[in-house]
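**Student:** See data_7.cif below, with mmCIF, C-alpha atoms and all ligand atoms; chains and numbers go by the auth columns.
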data_work
loop_
_atom_site.group_PDB
_atom_site.id
_atom_site.type_symbol
_atom_site.label_atom_id
_atom_site.label_comp_id
_atom_site.label_asym_id
_atom_site.label_seq_id
_atom_site.Cartn_x
_atom_site.Cartn_y
_atom_site.Cartn_z
_atom_site.B_iso_or_equiv
_atom_site.auth_seq_id
_atom_site.auth_asym_id
ATOM 1 C CA MET A 1 34.691 101.230 131.709 0.00 86 U
ATOM 2 C CA LYS A 2 31.370 102.581 130.644 0.00 87 U
ATOM 3 C CA VAL A 3 30.660 105.989 129.263 0.00 88 U
ATOM 4 C CA PHE A 4 27.384 107.656 130.135 0.00 89 U
ATOM 5 C CA ASP A 5 25.901 110.658 128.489 0.00 90 U
ATOM 6 C CA LEU A 6 24.986 112.955 131.341 0.00 91 U
ATOM 7 C CA VAL A 7 23.190 116.256 131.595 0.00 92 U
ATOM 8 C CA CYS A 8 22.929 118.702 134.522 0.00 93 U
ATOM 9 C CA ASP A 9 19.928 120.778 135.563 0.00 94 U
ATOM 10 C CA LYS A 10 21.294 123.674 133.463 0.00 95 U
ATOM 11 C CA ASP A 11 21.189 121.420 130.442 0.00 96 U
ATOM 12 C CA HIS A 12 24.954 121.055 130.094 0.00 97 U
ATOM 13 C CA GLY A 13 25.679 117.787 128.382 0.00 98 U
ATOM 14 C CA PHE A 14 28.852 115.901 129.229 0.00 99 U
ATOM 15 C CA GLU A 15 30.259 112.406 129.428 0.00 100 U
ATOM 16 C CA GLY A 16 30.984 110.525 132.601 0.00 101 U
ATOM 17 C CA TRP A 17 33.216 107.467 132.801 0.00 102 U
ATOM 18 C CA PHE A 18 32.396 104.830 135.375 0.00 103 U
ATOM 19 C CA ASP A 19 33.427 101.294 136.189 0.00 104 U
ATOM 20 C CA SER A 20 29.832 100.175 135.913 0.00 105 U
ATOM 21 C CA ALA A 21 26.253 101.404 135.999 0.00 106 U
ATOM 22 C CA ASP A 22 26.195 100.608 139.726 0.00 107 U
ATOM 23 C CA ALA A 23 29.296 102.744 140.318 0.00 108 U
ATOM 24 C CA PHE A 24 27.616 105.602 138.520 0.00 109 U
ATOM 25 C CA GLU A 25 24.394 105.267 140.562 0.00 110 U
ATOM 26 C CA SER A 26 26.391 105.059 143.768 0.00 111 U
ATOM 27 C CA GLN A 27 28.501 108.140 143.002 0.00 112 U
ATOM 28 C CA LEU A 28 25.438 110.030 141.850 0.00 113 U
ATOM 29 C CA ALA A 29 23.587 109.193 145.085 0.00 114 U
ATOM 30 C CA ARG A 30 26.535 110.549 147.097 0.00 115 U
ATOM 31 C CA GLY A 31 26.620 113.777 145.059 0.00 116 U
ATOM 32 C CA LEU A 32 30.014 112.908 143.604 0.00 117 U
ATOM 33 C CA VAL A 33 28.951 113.381 140.009 0.00 118 U
ATOM 34 C CA GLU A 34 29.210 117.027 139.112 0.00 119 U
ATOM 35 C CA CYS A 35 28.742 118.986 135.928 0.00 120 U
ATOM 36 C CA PRO A 36 32.219 120.030 134.735 0.00 121 U
ATOM 37 C CA LEU A 37 30.811 123.354 133.516 0.00 122 U
ATOM 38 C CA CYS A 38 28.776 124.617 136.434 0.00 123 U
ATOM 39 C CA GLY A 39 29.548 122.181 139.229 0.00 124 U
ATOM 40 C CA SER A 40 25.927 121.229 139.691 0.00 125 U
ATOM 41 C CA ALA A 41 25.397 117.843 141.287 0.00 126 U
ATOM 42 C CA SER A 42 21.887 117.654 139.853 0.00 127 U
ATOM 43 C CA VAL A 43 22.924 115.313 137.129 0.00 128 U
ATOM 44 C CA VAL A 44 20.858 112.802 135.268 0.00 129 U
ATOM 45 C CA ARG A 45 21.655 110.293 132.602 0.00 130 U
ATOM 46 C CA ARG A 46 20.503 111.110 129.169 0.00 131 U
ATOM 47 C CA PRO A 47 18.109 108.502 127.894 0.00 132 U
ATOM 48 C CA SER A 48 20.697 106.958 125.643 0.00 133 U
ATOM 49 C CA ALA A 49 22.176 103.522 125.980 0.00 134 U
ATOM 50 C CA PRO A 50 25.557 103.423 127.670 0.00 135 U
ATOM 51 C CA ARG A 51 28.384 102.655 125.327 0.00 136 U
ATOM 52 C CA LEU A 52 31.123 100.260 126.154 0.00 137 U
ATOM 53 C CA ASN A 53 34.496 101.852 126.046 0.00 138 U
ATOM 54 C CA LEU A 54 36.521 99.458 123.951 0.00 139 U
ATOM 55 C CA SER A 55 39.466 101.675 123.261 0.00 140 U
ATOM 56 C CA ALA A 56 41.787 99.589 125.410 0.00 141 U
ATOM 57 C CA SER A 57 41.154 96.399 123.455 0.00 142 U
ATOM 58 C CA SER A 58 40.476 97.760 119.999 0.00 143 U
ATOM 59 C CA ALA A 59 43.269 100.275 119.793 0.00 144 U
ATOM 60 C CA PRO A 60 44.903 99.967 116.402 0.00 145 U
ATOM 61 C CA ALA A 61 48.306 98.333 116.375 0.00 146 U
ATOM 62 C CA ALA A 62 51.290 100.561 115.988 0.00 147 U
ATOM 63 C CA PRO A 63 51.647 101.483 112.331 0.00 148 U
ATOM 64 C CA ALA A 64 53.996 99.251 110.416 0.00 149 U
ATOM 65 C CA PRO A 65 57.264 100.914 109.539 0.00 150 U
ATOM 66 C CA VAL A 66 57.169 102.311 106.028 0.00 151 U
ATOM 67 C CA PRO A 67 59.470 100.180 103.896 0.00 152 U
ATOM 68 C CA ASP A 68 62.390 101.999 102.424 0.00 153 U
ATOM 69 C CA ALA A 69 61.480 102.841 98.826 0.00 154 U
ATOM 70 C CA ARG A 70 64.979 102.113 97.593 0.00 155 U
ATOM 71 C CA ALA A 71 65.034 98.682 99.260 0.00 156 U
ATOM 72 C CA LEU A 72 61.679 97.916 97.672 0.00 157 U
ATOM 73 C CA GLN A 73 62.947 98.977 94.276 0.00 158 U
ATOM 74 C CA GLN A 74 66.000 96.756 94.643 0.00 159 U
ATOM 75 C CA ALA A 75 63.908 93.769 95.733 0.00 160 U
ATOM 76 C CA TRP A 76 61.671 94.354 92.740 0.00 161 U
ATOM 77 C CA LEU A 77 64.632 94.527 90.347 0.00 162 U
ATOM 78 C CA ARG A 78 66.111 91.367 91.850 0.00 163 U
ATOM 79 C CA LEU A 79 62.837 89.542 91.359 0.00 164 U
ATOM 80 C CA ALA A 80 62.475 90.900 87.830 0.00 165 U
ATOM 81 C CA ARG A 81 65.996 89.681 87.022 0.00 166 U
ATOM 82 C CA HIS A 82 65.186 86.266 88.483 0.00 167 U
ATOM 83 C CA ILE A 83 62.043 86.030 86.389 0.00 168 U
ATOM 84 C CA ARG A 84 63.895 87.147 83.278 0.00 169 U
ATOM 85 C CA GLU A 85 66.635 84.559 83.813 0.00 170 U
ATOM 86 C CA ASN A 86 64.273 81.711 84.554 0.00 171 U
ATOM 87 C CA THR A 87 61.492 82.200 82.088 0.00 172 U
ATOM 88 C CA GLU A 88 61.133 82.226 78.344 0.00 173 U
ATOM 89 C CA ASP A 89 59.745 85.370 76.838 0.00 174 U
ATOM 90 C CA VAL A 90 56.790 84.422 74.679 0.00 175 U
ATOM 91 C CA GLY A 91 55.497 87.963 74.351 0.00 176 U
ATOM 92 C CA GLU A 92 51.963 88.237 73.119 0.00 177 U
ATOM 93 C CA ARG A 93 51.633 84.474 72.699 0.00 178 U
ATOM 94 C CA PHE A 94 51.605 84.222 76.496 0.00 179 U
ATOM 95 C CA ALA A 95 48.009 83.047 76.926 0.00 180 U
ATOM 96 C CA GLU A 96 48.308 80.576 74.061 0.00 181 U
ATOM 97 C CA GLU A 97 51.621 79.224 75.354 0.00 182 U
ATOM 98 C CA ALA A 98 50.407 79.000 78.961 0.00 183 U
ATOM 99 C CA ARG A 99 47.463 76.961 77.720 0.00 184 U
ATOM 100 C CA ARG A 100 49.694 74.659 75.662 0.00 185 U
ATOM 101 C CA ILE A 101 51.923 74.027 78.682 0.00 186 U
ATOM 102 C CA HIS A 102 48.914 73.439 80.890 0.00 187 U
ATOM 103 C CA TYR A 103 47.524 70.855 78.480 0.00 188 U
ATOM 104 C CA GLN A 104 51.007 69.340 78.023 0.00 189 U
ATOM 105 C CA GLU A 105 51.192 70.257 74.367 0.00 190 U
ATOM 106 C CA ALA A 106 54.424 72.114 75.022 0.00 191 U
ATOM 107 C CA PRO A 107 57.320 71.392 77.388 0.00 192 U
ATOM 108 C CA ALA A 108 56.734 72.564 80.931 0.00 193 U
ATOM 109 C CA ARG A 109 58.737 75.677 81.638 0.00 194 U
ATOM 110 C CA GLY A 110 58.432 79.114 83.068 0.00 195 U
ATOM 111 C CA ILE A 111 57.216 81.648 80.598 0.00 196 U
ATOM 112 C CA ARG A 112 56.588 85.326 80.680 0.00 197 U
ATOM 113 C CA GLY A 113 54.775 87.589 78.339 0.00 198 U
ATOM 114 C CA VAL A 114 51.814 89.824 78.097 0.00 199 U
ATOM 115 C CA ALA A 115 48.172 88.941 78.473 0.00 200 U
ATOM 116 C CA THR A 116 45.091 91.087 78.320 0.00 201 U
ATOM 117 C CA PRO A 117 42.856 91.118 81.399 0.00 202 U
ATOM 118 C CA SER A 118 40.300 88.966 79.571 0.00 203 U
ATOM 119 C CA GLU A 119 42.994 86.474 78.582 0.00 204 U
ATOM 120 C CA SER A 120 44.198 86.274 82.198 0.00 205 U
ATOM 121 C CA GLU A 121 40.630 85.769 83.332 0.00 206 U
ATOM 122 C CA ALA A 122 40.078 82.979 80.807 0.00 207 U
ATOM 123 C CA LEU A 123 43.300 81.270 81.952 0.00 208 U
ATOM 124 C CA ALA A 124 42.217 81.510 85.578 0.00 209 U
ATOM 125 C CA GLU A 125 38.872 79.941 84.696 0.00 210 U
ATOM 126 C CA GLU A 126 40.732 77.023 83.135 0.00 211 U
ATOM 127 C CA GLY A 127 42.737 76.613 86.333 0.00 212 U
ATOM 128 C CA ILE A 128 45.944 77.966 84.848 0.00 213 U
ATOM 129 C CA GLU A 129 47.803 80.042 87.374 0.00 214 U
ATOM 130 C CA VAL A 130 49.061 83.333 86.086 0.00 215 U
ATOM 131 C CA VAL A 131 50.956 85.846 88.138 0.00 216 U
ATOM 132 C CA SER A 132 50.973 89.437 87.094 0.00 217 U
ATOM 133 C CA PHE A 133 54.256 91.170 87.712 0.00 218 U
ATOM 134 C CA PRO A 134 55.276 94.589 86.472 0.00 219 U
ATOM 135 C CA MET A 135 58.557 94.079 84.659 0.00 220 U
ATOM 136 C CA PRO A 136 60.939 96.982 84.324 0.00 221 U
ATOM 137 C CA VAL A 137 61.071 98.415 80.848 0.00 222 U
ATOM 138 C CA SER A 138 63.998 96.860 78.974 0.00 223 U
ATOM 139 C CA GLY A 139 67.010 99.086 78.642 0.00 224 U
ATOM 140 C CA LYS A 140 65.662 101.627 81.082 0.00 225 U
ATOM 141 C CA GLU A 141 66.389 99.767 84.290 0.00 226 U
ATOM 142 C CA PRO A 142 69.762 98.050 84.630 0.00 227 U
ATOM 143 C CA LEU A 143 69.062 94.400 85.345 0.00 228 U
ATOM 144 C CA GLN A 144 72.581 93.078 85.278 0.00 229 U
HETATM 145 ZN ZN ZN B . 25.989 122.310 134.253 0.00 301 G
#
What does this structure look like when you write it as structure tokens?
**Tutor:**
Amino acid sequence: MKVFDLVCDKDHGFEGWFDSADAFESQLARGLVECPLCGSASVVRRPSAPRLNLSASSAPAAPAPVPDARALQQAWLRLARHIRENTEDVGERFAEEARRIHYQEAPARGIRGVATPSESEALAEEGIEVVSFPMPVSGKEPLQ
């Protein structure tokens, strides 16, 4: 489909939808294109380029269902518990410890702790993978 900007002899602007430019010319020649406001068949195309109507192919996909907040919270708590059970808390020594493990100066193991953004950035530059994960505050969220 193509959309043409049309205007009648009373200067009413409107849009006409046609299969092609040829279809428009053909319908216009037969007086089938009328102004929706005044019914005039004296219609001309505005000197603007026709636009392709892409709505059929570019229509946005149906919105994803909103995840249930409670299910998300539970998944987060499960993951937090898993991390807590499988990592050693090194607190503020996190960056230092991650570096020691990376350079095999300390036994390889999962660790967790806190790192400043600049520390995380420095680790990333050294090729040390760090994942940021918001842990629940101890004692506030039941993890067991
Ligand atoms: Zn008109």
**Student:** Fewer than 2 positions away in the same chain doesn't count, so skip those; otherwise give me all residues within 6 Å of stretch 186-196 of chain U, counting all atoms listed in the file, as a compact mmCIF listing (two decimals) with C-alpha atoms, keeping the file's coordinate frame.
**Tutor:**
# COMPACT_ATOMS: atom_id res chain seq x y z
CA THR U 172 61.49 82.20 82.09
CA GLU U 173 61.13 82.23 78.34
CA ASP U 174 59.74 85.37 76.84
CA ALA U 183 50.41 79.00 78.96
CA ARG U 184 47.46 76.96 77.72
**Student:** Could you please extract the residues within 8 Å of ligand ZN 301 (chain G), counting only C-alpha atoms and all ligand atoms, and hand them back as a PyMOL selection string?
**Tutor:** chain U and resi 92-98+119-125
**Student:** Quick check, in Å to one decimal: how far apart do atom CA of U:Ser205 and atom CA of U:Gln158 lie?
**Tutor:**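 Value for the atom CA of U:Ser205-atom CA of U:Gln158 distance: 25.7 Å.
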**Student:** Between U:Asp90, U:Glu170, U:Glu100, U:Glu181, which is the closest to U:Ala200 once you count all atoms listed in the file?
**Tutor:**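 Smallest separation from U:Ala200 among the options: U:Glu181.
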**Student:** Go through the shown structure with the PyMOL selection byres (((chain U and resi 101-118) around 6) and not hetatm) and write out the matching residues as a list of chain:residue names.
**Tutor:** U:Met86, U:Lys87, U:Val88, U:Phe89, U:Glu100, U:Glu119, U:Ala126
**Student:** Export C-alpha atoms of the chosen residues as a compact mmCIF listing (two decimals), in the coordinates of the input?
**Tutor:**
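Result file part04.txt:
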# COMPACT_ATOMS: atom_id res chain seq x y z
CA MET U 86 34.69 101.23 131.71
CA LYS U 87 31.37 102.58 130.64
CA VAL U 88 30.66 105.99 129.26
CA PHE U 89 27.38 107.66 130.14
CA GLU U 100 30.26 112.41 129.43
CA GLU U 119 29.21 117.03 139.11
CA ALA U 126 25.40 117.84 141.29
**Student:** Report, in Å to a single decimal, how far apart atom CA of U:Arg155 and atom CA of U:Val215 are.
**Tutor:**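 Going from atom CA of U:Val215 over to atom CA of U:Arg155, I get 27.2 Å.
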**Student:** Just to confirm, what's the straight-line distance from atom CA of U:Phe218 to atom CA of U:Leu162 in Å (one decimal)?
**Tutor:** 11.2 Å
**Student:** From the options U:Met220, U:Leu91, U:Ala180, U:Val129, which residue's atoms come nearest to U:Arg163, counting all atoms listed in the file?
**Tutor:**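 Comparing U:Met220, U:Leu91, U:Ala180, U:Val129 against U:Arg163, the winner is U:Met220.
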**Student:** Restricting the calculation to all atoms listed in the file, which member of U:Pro221, U:Phe99, U:Glu206, U:Glu182 is positioned closest to U:Arg169?
**Tutor:**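 Going through U:Pro221, U:Phe99, U:Glu206, U:Glu182 one by one, the smallest distance to U:Arg169 is for U:Pro221.
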